[in-house]
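Colleague: Sharing my_file_23.cif (mmCIF, C-alpha atoms and all ligand atoms) below.
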```cif
data_input
loop_
_atom_site.label_atom_id
_atom_site.label_comp_id
_atom_site.auth_asym_id
_atom_site.auth_seq_id
_atom_site.Cartn_x
_atom_site.Cartn_y
_atom_site.Cartn_z
CA MET A 462 75.56 110.46 85.24
CA PHE A 463 78.55 109.65 87.40
CA GLU A 464 76.91 106.37 88.42
CA VAL A 465 76.50 105.30 84.78
CA GLY A 466 80.12 106.30 84.13
CA ALA A 467 81.24 104.26 87.14
CA ALA A 468 79.42 101.16 85.88
CA LEU A 469 80.91 101.55 82.36
CA LEU A 470 84.37 102.08 83.86
CA GLY A 471 83.78 98.92 85.95
CA ALA A 472 82.91 96.90 82.83
CA CYS A 473 86.12 98.04 81.08
CA VAL A 474 88.24 97.42 84.19
CA GLY A 475 86.60 93.98 84.46
CA SER A 476 87.63 93.28 80.87
CA PHE A 477 91.24 94.20 81.79
CA LEU A 478 91.00 92.05 84.96
CA ASN A 479 90.13 89.05 82.75
CA VAL A 480 93.45 89.63 80.97
CA VAL A 481 95.29 89.95 84.32
CA ILE A 482 93.65 86.77 85.69
CA TRP A 483 94.57 84.82 82.55
CA ARG A 484 98.11 86.13 81.87
CA LEU A 485 99.70 86.88 85.28
CA PRO A 486 100.02 83.27 86.50
CA GLN A 487 101.51 82.00 83.19
CA ASP A 488 104.98 80.45 83.45
CA ASP A 489 106.18 81.73 80.08
CA PRO A 490 107.33 85.37 80.55
CA ARG A 491 106.16 86.31 77.03
CA GLN A 492 102.61 85.19 77.83
CA ARG A 493 102.80 86.93 81.21
CA SER A 494 103.12 90.42 79.69
CA LEU A 495 99.95 92.48 79.98
CA GLY A 496 100.58 94.51 76.82
CA GLY A 497 99.53 93.65 73.28
CA ARG A 498 96.18 92.85 71.71
CA SER A 499 94.00 90.02 73.01
CA ARG A 500 94.19 86.75 71.11
CA CYS A 501 91.79 83.82 70.95
CA PRO A 502 93.00 81.23 73.50
CA HIS A 503 92.06 78.39 71.11
CA CYS A 504 93.48 79.40 67.71
CA GLY A 505 95.58 82.52 68.45
CA THR A 506 93.74 84.85 66.07
CA GLN A 507 93.76 88.49 67.13
CA ILE A 508 90.35 89.47 68.52
CA ARG A 509 88.57 92.42 66.85
CA TRP A 510 87.86 95.36 69.11
CA HIS A 511 84.07 95.15 68.73
CA ASP A 512 84.08 91.47 69.70
CA ASN A 513 86.10 92.45 72.78
CA LEU A 514 83.50 94.89 74.19
CA PRO A 515 82.72 94.06 77.84
CA VAL A 516 79.65 91.78 78.30
CA LEU A 517 78.11 92.99 74.98
CA GLY A 518 80.78 91.29 72.84
CA TRP A 519 80.06 87.94 74.48
CA LEU A 520 76.28 88.39 74.17
CA LEU A 521 76.47 89.40 70.49
CA LEU A 522 78.69 86.41 69.68
CA ARG A 523 76.40 84.20 71.83
CA GLY A 524 79.43 82.76 73.59
CA ARG A 525 81.20 81.48 70.44
CA ALA A 526 84.51 82.80 69.09
CA ARG A 527 84.17 84.47 65.65
CA CYS A 528 87.44 82.96 64.41
CA CYS A 529 87.08 79.26 65.20
CA GLY A 530 83.61 78.84 66.73
CA LYS A 531 84.97 77.44 70.01
CA GLY A 532 83.07 78.34 73.18
CA ILE A 533 84.08 81.41 75.21
CA ALA A 534 83.78 80.78 78.97
CA VAL A 535 80.79 82.51 80.57
CA ARG A 536 83.17 83.63 83.30
CA TYR A 537 84.54 86.48 81.14
CA PRO A 538 81.26 88.43 80.94
CA LEU A 539 80.51 87.48 84.57
CA VAL A 540 83.77 89.04 85.83
CA GLU A 541 82.96 92.18 83.79
CA ALA A 542 79.41 92.36 85.15
CA LEU A 543 80.64 91.75 88.71
CA THR A 544 83.22 94.56 88.46
CA ALA A 545 80.62 96.90 86.92
CA SER A 546 78.07 96.26 89.70
CA LEU A 547 80.65 96.68 92.48
CA PHE A 548 81.86 99.97 90.96
CA LEU A 549 78.23 101.13 90.67
CA LEU A 550 77.58 100.21 94.33
CA LEU A 551 80.73 102.10 95.33
CA ALA A 552 79.59 105.18 93.36
CA ILE A 553 76.30 105.45 95.29
CA TRP A 554 77.65 104.42 98.70
CA PRO A 555 78.81 107.16 101.11
CA PRO A 556 81.62 108.08 101.77
CA PHE A 557 82.86 106.85 98.32
CA GLY A 558 80.06 108.64 96.48
CA PRO A 559 78.19 110.57 95.29
CA VAL A 560 81.09 112.41 93.68
CA LEU A 561 78.87 114.95 91.85
CA LEU A 562 76.31 116.80 93.93
CA ALA A 563 73.47 118.90 92.51
CA THR A 564 73.36 122.31 94.23
CA ASP A 565 71.57 125.60 93.65
CA HIS A 566 74.52 126.82 91.60
CA GLY A 567 74.83 123.80 89.33
CA VAL A 568 76.91 120.71 90.03
CA ALA A 569 79.51 120.50 92.80
CA PHE A 570 82.50 118.17 92.66
CA ASP A 571 83.45 116.40 95.90
CA ALA A 572 87.22 115.79 95.70
CA THR A 573 87.41 113.65 98.87
CA ALA A 574 84.65 111.36 97.62
CA ALA A 575 86.38 111.14 94.21
CA ALA A 576 89.68 110.12 95.85
CA ALA A 577 87.88 107.60 98.07
CA PHE A 578 86.08 106.20 95.02
CA GLY A 579 89.31 105.86 93.02
CA LEU A 580 91.25 104.22 95.85
CA HIS A 581 88.52 101.72 96.69
CA ALA A 582 87.76 100.95 93.04
CA LEU A 583 91.41 99.92 92.81
CA PHE A 584 90.99 97.86 96.00
CA LEU A 585 87.95 96.04 94.56
CA SER A 586 89.87 95.35 91.33
CA LEU A 587 92.75 93.81 93.30
CA LEU A 588 90.27 91.65 95.28
CA ILE A 589 88.58 90.39 92.08
CA ALA A 590 91.88 89.58 90.32
CA CYS A 591 93.22 87.76 93.42
CA THR A 592 89.97 85.82 93.90
CA PHE A 593 89.93 84.31 90.42
CA ILE A 594 93.68 83.64 90.27
CA ASP A 595 93.35 81.86 93.63
CA PHE A 596 90.41 79.81 92.27
CA ASP A 597 92.43 78.75 89.23
CA HIS A 598 95.94 78.28 90.62
CA GLN A 599 95.67 78.24 94.45
CA LEU A 600 97.98 81.20 94.73
CA LEU A 601 97.74 84.90 95.54
CA PRO A 602 100.48 86.60 93.49
CA ASP A 603 102.96 88.93 95.23
CA VAL A 604 102.79 91.17 92.14
CA LEU A 605 99.28 92.11 93.24
CA THR A 606 99.35 91.91 97.05
CA LYS A 607 102.62 93.78 97.68
CA PRO A 608 101.81 96.90 95.59
CA GLY A 609 98.31 96.63 97.12
CA MET A 610 99.81 96.99 100.60
CA ALA A 611 101.82 100.05 99.49
CA ILE A 612 98.80 101.71 97.83
CA GLY A 613 96.62 101.02 100.88
CA LEU A 614 99.26 102.66 103.10
CA LEU A 615 99.70 105.67 100.77
CA GLY A 616 95.90 106.08 100.66
CA GLY A 617 96.20 106.82 104.38
CA PHE A 618 97.86 110.15 103.49
CA TRP A 619 94.52 111.39 102.19
CA PRO A 620 92.54 112.50 105.26
CA GLY A 621 89.26 110.78 105.88
CA LEU A 622 89.89 107.76 103.66
CA ALA A 623 90.60 105.08 106.29
CA GLY A 624 87.38 105.91 108.12
CA VAL A 625 89.06 107.95 110.85
CA ALA A 626 86.70 110.70 112.02
CA SER A 627 88.09 114.20 112.31
CA THR A 628 88.19 115.31 115.95
CA ASN A 629 89.90 118.05 117.92
CA ASP A 630 92.86 115.75 118.48
CA ALA A 631 96.27 117.42 118.40
CA ALA A 632 97.78 114.95 115.87
CA PRO A 633 97.12 115.87 112.22
CA LEU A 634 94.38 113.83 110.54
CA ALA A 635 96.66 112.62 107.73
CA LEU A 636 99.09 111.17 110.28
CA ARG A 637 96.32 109.37 112.14
CA THR A 638 94.82 107.83 108.99
CA LEU A 639 98.29 106.72 107.95
CA LEU A 640 98.78 105.09 111.37
CA ALA A 641 95.35 103.43 111.03
CA SER A 642 96.42 101.92 107.68
CA ALA A 643 99.78 100.76 109.08
CA LEU A 644 98.07 99.22 112.11
CA GLY A 645 95.57 97.50 109.81
CA LEU A 646 98.42 96.05 107.75
CA CYS A 647 100.23 94.73 110.85
CA VAL A 648 97.13 93.30 112.55
CA GLY A 649 95.72 91.75 109.35
CA GLY A 650 99.03 90.16 108.36
CA GLY A 651 100.08 89.36 111.95
CA VAL A 652 96.95 87.50 113.02
CA THR A 653 96.89 85.43 109.81
CA TRP A 654 100.60 84.68 110.26
CA LEU A 655 99.95 83.49 113.85
CA ILE A 656 97.10 81.20 112.74
CA ARG A 657 99.36 79.86 109.98
CA ALA A 658 102.23 79.25 112.43
CA ALA A 659 99.94 77.55 114.99
CA GLY A 660 98.39 75.42 112.23
CA SER A 661 101.78 74.34 110.91
CA ARG A 662 102.94 73.43 114.42
CA ILE A 663 99.81 71.40 115.21
CA PHE A 664 99.35 69.60 111.87
CA ARG A 665 103.09 69.40 111.02
CA ARG A 666 102.64 70.62 107.48
CA GLU A 667 102.38 73.89 105.57
CA ALA A 668 99.06 75.34 106.75
CA MET A 669 97.58 78.17 104.69
CA GLY A 670 99.90 80.10 102.43
CA LEU A 671 102.12 83.12 102.94
CA GLY A 672 99.92 84.49 100.14
CA ASP A 673 96.96 84.56 102.55
CA VAL A 674 99.08 86.46 105.10
CA LYS A 675 100.04 89.13 102.54
CA PHE A 676 96.48 89.24 101.18
CA LEU A 677 95.01 90.03 104.60
CA ALA A 678 97.82 92.53 105.29
CA MET A 679 96.76 94.32 102.07
CA ILE A 680 93.09 94.26 103.14
CA GLY A 681 94.10 95.70 106.54
CA ALA A 682 96.11 98.50 104.89
CA PHE A 683 92.99 99.58 102.98
CA LEU A 684 90.31 99.01 105.63
CA GLY A 685 92.01 99.37 109.05
CA TRP A 686 92.50 96.79 111.80
CA GLN A 687 88.89 96.30 112.97
CA SER A 688 87.73 95.56 109.44
CA ALA A 689 90.73 93.27 108.86
CA LEU A 690 89.67 91.12 111.83
CA LEU A 691 86.03 91.29 110.69
CA THR A 692 87.18 90.15 107.22
CA LEU A 693 89.01 87.15 108.72
CA PHE A 694 85.94 86.22 110.79
CA LEU A 695 83.55 86.58 107.82
CA GLY A 696 85.98 84.65 105.60
CA CYS A 697 85.91 81.75 108.07
CA VAL A 698 82.09 81.78 108.35
CA VAL A 699 81.56 81.93 104.57
CA GLY A 700 84.33 79.35 104.13
CA ALA A 701 82.62 77.03 106.62
CA LEU A 702 79.26 77.32 104.87
CA VAL A 703 80.53 76.93 101.30
CA GLY A 704 83.25 74.41 102.23
CA GLY A 705 80.68 72.36 104.16
CA LEU A 706 78.28 72.32 101.21
CA LEU A 707 81.07 71.40 98.79
CA ALA A 708 82.30 68.65 101.14
CA LEU A 709 78.77 67.19 101.21
CA ARG A 710 78.79 66.99 97.43
CA ALA A 711 82.38 66.12 96.59
CA GLY A 712 83.87 64.63 99.74
CA LEU A 713 86.46 66.05 102.14
CA GLY A 714 89.58 65.56 100.06
CA MET A 715 89.31 68.60 97.82
CA ARG A 716 91.46 71.69 98.23
CA ILE A 717 89.64 74.96 98.58
CA PRO A 718 91.54 78.25 98.38
CA PHE A 719 90.97 80.68 101.26
CA GLY A 720 91.48 83.87 99.18
CA PRO A 721 87.97 84.05 97.63
CA TYR A 722 86.30 83.80 101.07
CA LEU A 723 88.58 86.52 102.44
CA ALA A 724 87.70 88.66 99.42
CA VAL A 725 83.96 88.20 100.09
CA GLY A 726 84.58 89.14 103.74
CA ALA A 727 86.56 92.21 102.62
CA VAL A 728 83.79 93.43 100.27
CA VAL A 729 81.18 93.01 103.03
CA SER A 730 83.49 94.85 105.49
CA LEU A 731 84.10 97.64 102.98
CA PHE A 732 80.40 98.44 102.72
CA VAL A 733 78.86 97.51 106.08
CA ALA A 734 81.70 97.29 108.67
CA ARG A 735 80.16 99.90 111.00
CA PRO A 736 76.67 98.32 111.33
CA LEU A 737 78.20 94.81 111.55
CA LEU A 738 80.67 95.79 114.29
CA ASP A 739 77.82 97.55 116.11
CA LEU A 740 75.71 94.38 115.83
CA LEU A 741 78.54 92.12 117.09
CA PHE A 742 79.84 94.24 119.96
CA VAL A 743 76.89 96.41 121.08
CA GLN A 744 73.53 94.94 120.12
CA TRP A 745 74.50 91.31 120.50
CA PRO A 746 75.76 91.57 124.12
CA GLU A 747 72.57 93.46 125.03
CA TRP A 748 70.40 90.80 123.43
CA GLN A 749 72.40 88.10 125.26
CA ARG A 750 71.81 89.74 128.62
CA SER A 751 68.08 89.89 127.95
CA SER A 752 67.62 86.30 126.68
CA PRO A 753 69.42 83.26 128.19
CA SER A 754 68.97 81.02 125.13
CA ALA A 755 71.41 83.28 123.27
CA GLN A 756 74.30 81.30 124.81
CA TRP A 757 73.43 78.28 122.67
CA PHE A 758 73.44 80.34 119.52
CA LEU A 759 76.81 81.82 120.41
CA LEU A 760 78.25 78.37 121.16
CA VAL A 761 77.07 76.95 117.82
CA LEU A 762 78.50 79.91 115.93
CA ALA A 763 81.84 79.71 117.75
CA LEU A 764 82.05 75.95 117.03
CA LEU A 765 81.19 76.56 113.37
CA SER A 766 83.87 79.19 112.87
CA LEU A 767 86.44 77.11 114.75
CA SER A 768 85.76 74.02 112.63
CA ALA A 769 85.92 76.23 109.54
CA LEU A 770 89.33 77.51 110.51
CA PHE A 771 90.38 73.95 111.36
CA LEU A 772 89.29 72.69 107.93
CA LEU A 773 90.90 75.57 106.07
CA VAL A 774 94.17 75.35 107.96
CA ARG A 775 94.37 71.57 107.73
CA ARG A 776 94.01 71.55 103.97
CA GLY A 777 97.28 73.36 103.54
CA ARG A 778 98.23 75.10 100.34
CA ARG A 779 101.01 76.56 98.26
CA ALA A 780 102.60 79.82 99.29
CA GLY A 781 101.83 82.73 96.95
ZN ZN B 801 89.73 81.22 67.76
#
```
Is it possible to give me this structure as structure tokens?
Ligand SMILES: [Zn+2]

Modeller:
Amino acid sequence: MFEVGAALLGACVGSFLNVVIWRLPQDDPRQRSLGGRSRCPHCGTQIRWHDNLPVLGWLLLRGRARCCGKGIAVRYPLVEALTASLFLLLAIWPPFGPVLLATDHGVAFDATAAAAFGLHALFLSLLIACTFIDFDHQLLPDVLTKPGMAIGLLGGFWPGLAGVASTNDAAPLALRTLLASALGLCVGGGVTWLIRAAGSRIFRREAMGLGDVKFLAMIGAFLGWQSALLTLFLGCVVGALVGGLLALRAGLGMRIPFGPYLAVGAVVSLFVARPLLDLLFVQWPEWQRSSPSAQWFLLVLALLSLSALFLLVRRGRRAG
């Protein structure tokens, strides 16, 4: 039951994220406000509540506005479906779920899992909003990343959230998880800032945005420093693959925002950081020792990620 609830909640949050993605970057302060009923972007008619239902509304209207018959972008239901599936995944993925456990005496409520679910559902929502705003406007708004950093840090007060195992250590668990979040924020933001500074020095122009720095600092505050570095690495690899494919089709001149790739890296890190880190730092070195041809593979991968970083940094972009 909780899983179904999580998916429904995700669909509704996704519907709200569509509003955030559309209104936050507007220049006019009146349009920027998140309150008030939704209006048709074409003719300004207020949208009826049943036409505004997540995913269903779009399907029932078959992608056409009831008021003026203009097309409604397929991205709206897609954002809602994406948020719903990520929330559902979170609800069944330990340690974020399951929140309700069937026991001999009925149903038990796991408060730590519930807190972890809530915190990381918020994290996923921030990632989705930032991704699509970055797609549209090449900027990662401070209004999202700065509170995100604060919430990620505060989440550290709840023991066990930042993935710090409880041991017999003298320091209280809450203090250590808080330190893990703070370290994640500093490493995530610091490394991105260094790459940005080096890129600006070498190419003599604004390389990457300050928005990327704050975005990765936020990701570090939620996930800790190892996952922040993993996110940066994955973002570069995904960026190299997608950027390379796009460059083949559209030529090298186009600007590609870095935020969406970082967000993909962050989602992957959120769910599978442990096995991935184990693969990279334990299994891989063992495999390398046992087979000499592994060196070539490593070299190709290193070159790929380096050229990805080079491409991304050289493009340059607006600060958030
Ligand atoms: Zn209309």

Colleague: Got a sec to check which residues lie within 9 Å of ligand ZN 801 (chain B), using only C-alpha atoms and all ligand atoms, and send them as a PyMOL selection string?

Modeller: chain A and resi 500-508+525-531

Colleague: Keeping only C-alpha atoms, write the selected residues as a PDB file, in the frame of the given file.

Modeller:
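And here's again20.pdb as it stands now:
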```pdb
ATOM      1  CA  ARG A 500      94.190  86.750  71.110  1.00  0.00           C
ATOM      2  CA  CYS A 501      91.790  83.820  70.950  1.00  0.00           C
ATOM      3  CA  PRO A 502      93.000  81.230  73.500  1.00  0.00           C
ATOM      4  CA  HIS A 503      92.060  78.390  71.110  1.00  0.00           C
ATOM      5  CA  CYS A 504      93.480  79.400  67.710  1.00  0.00           C
ATOM      6  CA  GLY A 505      95.580  82.520  68.450  1.00  0.00           C
ATOM      7  CA  THR A 506      93.740  84.850  66.070  1.00  0.00           C
ATOM      8  CA  GLN A 507      93.760  88.490  67.130  1.00  0.00           C
ATOM      9  CA  ILE A 508      90.350  89.470  68.520  1.00  0.00           C
ATOM     10  CA  ARG A 525      81.200  81.480  70.440  1.00  0.00           C
ATOM     11  CA  ALA A 526      84.510  82.800  69.090  1.00  0.00           C
ATOM     12  CA  ARG A 527      84.170  84.470  65.650  1.00  0.00           C
ATOM     13  CA  CYS A 528      87.440  82.960  64.410  1.00  0.00           C
ATOM     14  CA  CYS A 529      87.080  79.260  65.200  1.00  0.00           C
ATOM     15  CA  GLY A 530      83.610  78.840  66.730  1.00  0.00           C
ATOM     16  CA  LYS A 531      84.970  77.440  70.010  1.00  0.00           C
TER      17      LYS A 531
END
```

Colleague: Please, what distance in Å, to one decimal, runs between atom CA of A:Leu614 and atom CA of A:Leu646?

Modeller: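 Computed distance, atom CA of A:Leu614 to atom CA of A:Leu646, equals 8.1 Å.
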
Colleague: For A:Leu605, please output as a VMD selection string all residues within 9 Å (counting all atoms listed in the file; exclusion window: fewer than 3 positions along the same chain).

Modeller: chain A and resid 587 590 to 591 601 to 602 608 to 610 676

Colleague: Kindly indicate which residue among A:Leu644, A:Leu478, A:Ala727, A:Leu671 lies nearest to A:Trp686, using only C-alpha atoms for the distances.

Modeller: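 Distance minimum relative to A:Trp686 lands on A:Leu644.
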
Colleague: Using only C-alpha atoms, can you tell me which of A:Trp554, A:Phe758, A:Tyr722, A:Phe694 comes closest to A:Asp673?

Modeller: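 Counting only C-alpha atoms, the residue closest to A:Asp673 is A:Tyr722.
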
Colleague: Would you please work out which residue, of A:Phe742, A:Phe463, A:Phe719, A:Trp519, is nearest to A:Ala575 when using only C-alpha atoms?

Modeller: A:Phe463

Colleague: Ranking A:Phe578, A:Leu640, A:Gly524, A:Phe683 by minimum distance to A:Leu550 and counting only C-alpha atoms, which one comes first?

Modeller: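 Among the listed residues, A:Phe578 lies closest to A:Leu550.
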
Colleague: Please list as a PyMOL selection string every residue within 10 Å of A:Leu702, counting all atoms listed in the file and excluding residues in the same chain fewer than 5 positions away.

Modeller: chain A and resi 696-697+707-708+765-766+769

Colleague: Residues at most 8 Å from A:Asp595, counting only C-alpha atoms, excluding those fewer than 6 positions away in the same chain, as a PyMOL selection string?

Modeller: chain A and resi 601+718+720-721

Colleague: Could you tell me how far atom CA of A:Ser688 lies from atom CA of A:Ser730, in Å and to one decimal?

Modeller: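 These atoms are spaced 5.8 Å apart.
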
Colleague: How many Å separate atom CA of A:Leu655 from atom CA of A:Leu767?

Modeller: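 If I compute the distance from atom CA of A:Leu655 to atom CA of A:Leu767, I get 15.0 Å.
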
Colleague: From the block you just saw, export stretch 470-499 of chain A: C-alpha atoms, as a PDB file, in the first residue's frame.

Modeller:
```
ATOM      1  CA  LEU A 470       2.531  11.205  -4.215  1.00  0.00           C
ATOM      2  CA  GLY A 471       5.282  11.227  -6.873  1.00  0.00           C
ATOM      3  CA  ALA A 472       2.753  11.968  -9.631  1.00  0.00           C
ATOM      4  CA  CYS A 473       1.329  14.919  -7.648  1.00  0.00           C
ATOM      5  CA  VAL A 474       4.801  16.225  -6.760  1.00  0.00           C
ATOM      6  CA  GLY A 475       5.739  15.880 -10.445  1.00  0.00           C
ATOM      7  CA  SER A 476       2.710  18.003 -11.340  1.00  0.00           C
ATOM      8  CA  PHE A 477       3.943  20.678  -8.890  1.00  0.00           C
ATOM      9  CA  LEU A 478       7.495  20.376 -10.296  1.00  0.00           C
ATOM     10  CA  ASN A 479       6.091  21.222 -13.762  1.00  0.00           C
ATOM     11  CA  VAL A 480       4.815  24.476 -12.244  1.00  0.00           C
ATOM     12  CA  VAL A 481       8.203  25.137 -10.572  1.00  0.00           C
ATOM     13  CA  ILE A 482      10.105  24.409 -13.816  1.00  0.00           C
ATOM     14  CA  TRP A 483       7.839  26.738 -15.795  1.00  0.00           C
ATOM     15  CA  ARG A 484       7.433  29.646 -13.320  1.00  0.00           C
ATOM     16  CA  LEU A 485      10.717  29.909 -11.355  1.00  0.00           C
ATOM     17  CA  PRO A 486      12.937  31.140 -14.221  1.00  0.00           C
ATOM     18  CA  GLN A 487      10.409  33.797 -15.394  1.00  0.00           C
ATOM     19  CA  ASP A 488      11.680  37.389 -15.330  1.00  0.00           C
ATOM     20  CA  ASP A 489       8.342  38.915 -14.346  1.00  0.00           C
ATOM     21  CA  PRO A 490       7.966  38.554 -10.531  1.00  0.00           C
ATOM     22  CA  ARG A 491       4.178  38.100 -10.836  1.00  0.00           C
ATOM     23  CA  GLN A 492       4.644  35.092 -13.117  1.00  0.00           C
ATOM     24  CA  ARG A 493       7.385  33.758 -10.840  1.00  0.00           C
ATOM     25  CA  SER A 494       5.038  33.238  -7.879  1.00  0.00           C
ATOM     26  CA  LEU A 495       4.197  29.590  -7.261  1.00  0.00           C
ATOM     27  CA  GLY A 496       0.746  30.284  -5.797  1.00  0.00           C
ATOM     28  CA  GLY A 497      -2.543  30.580  -7.659  1.00  0.00           C
ATOM     29  CA  ARG A 498      -4.368  28.256 -10.031  1.00  0.00           C
ATOM     30  CA  SER A 499      -2.724  26.947 -13.193  1.00  0.00           C
TER      31      SER A 499
END
```
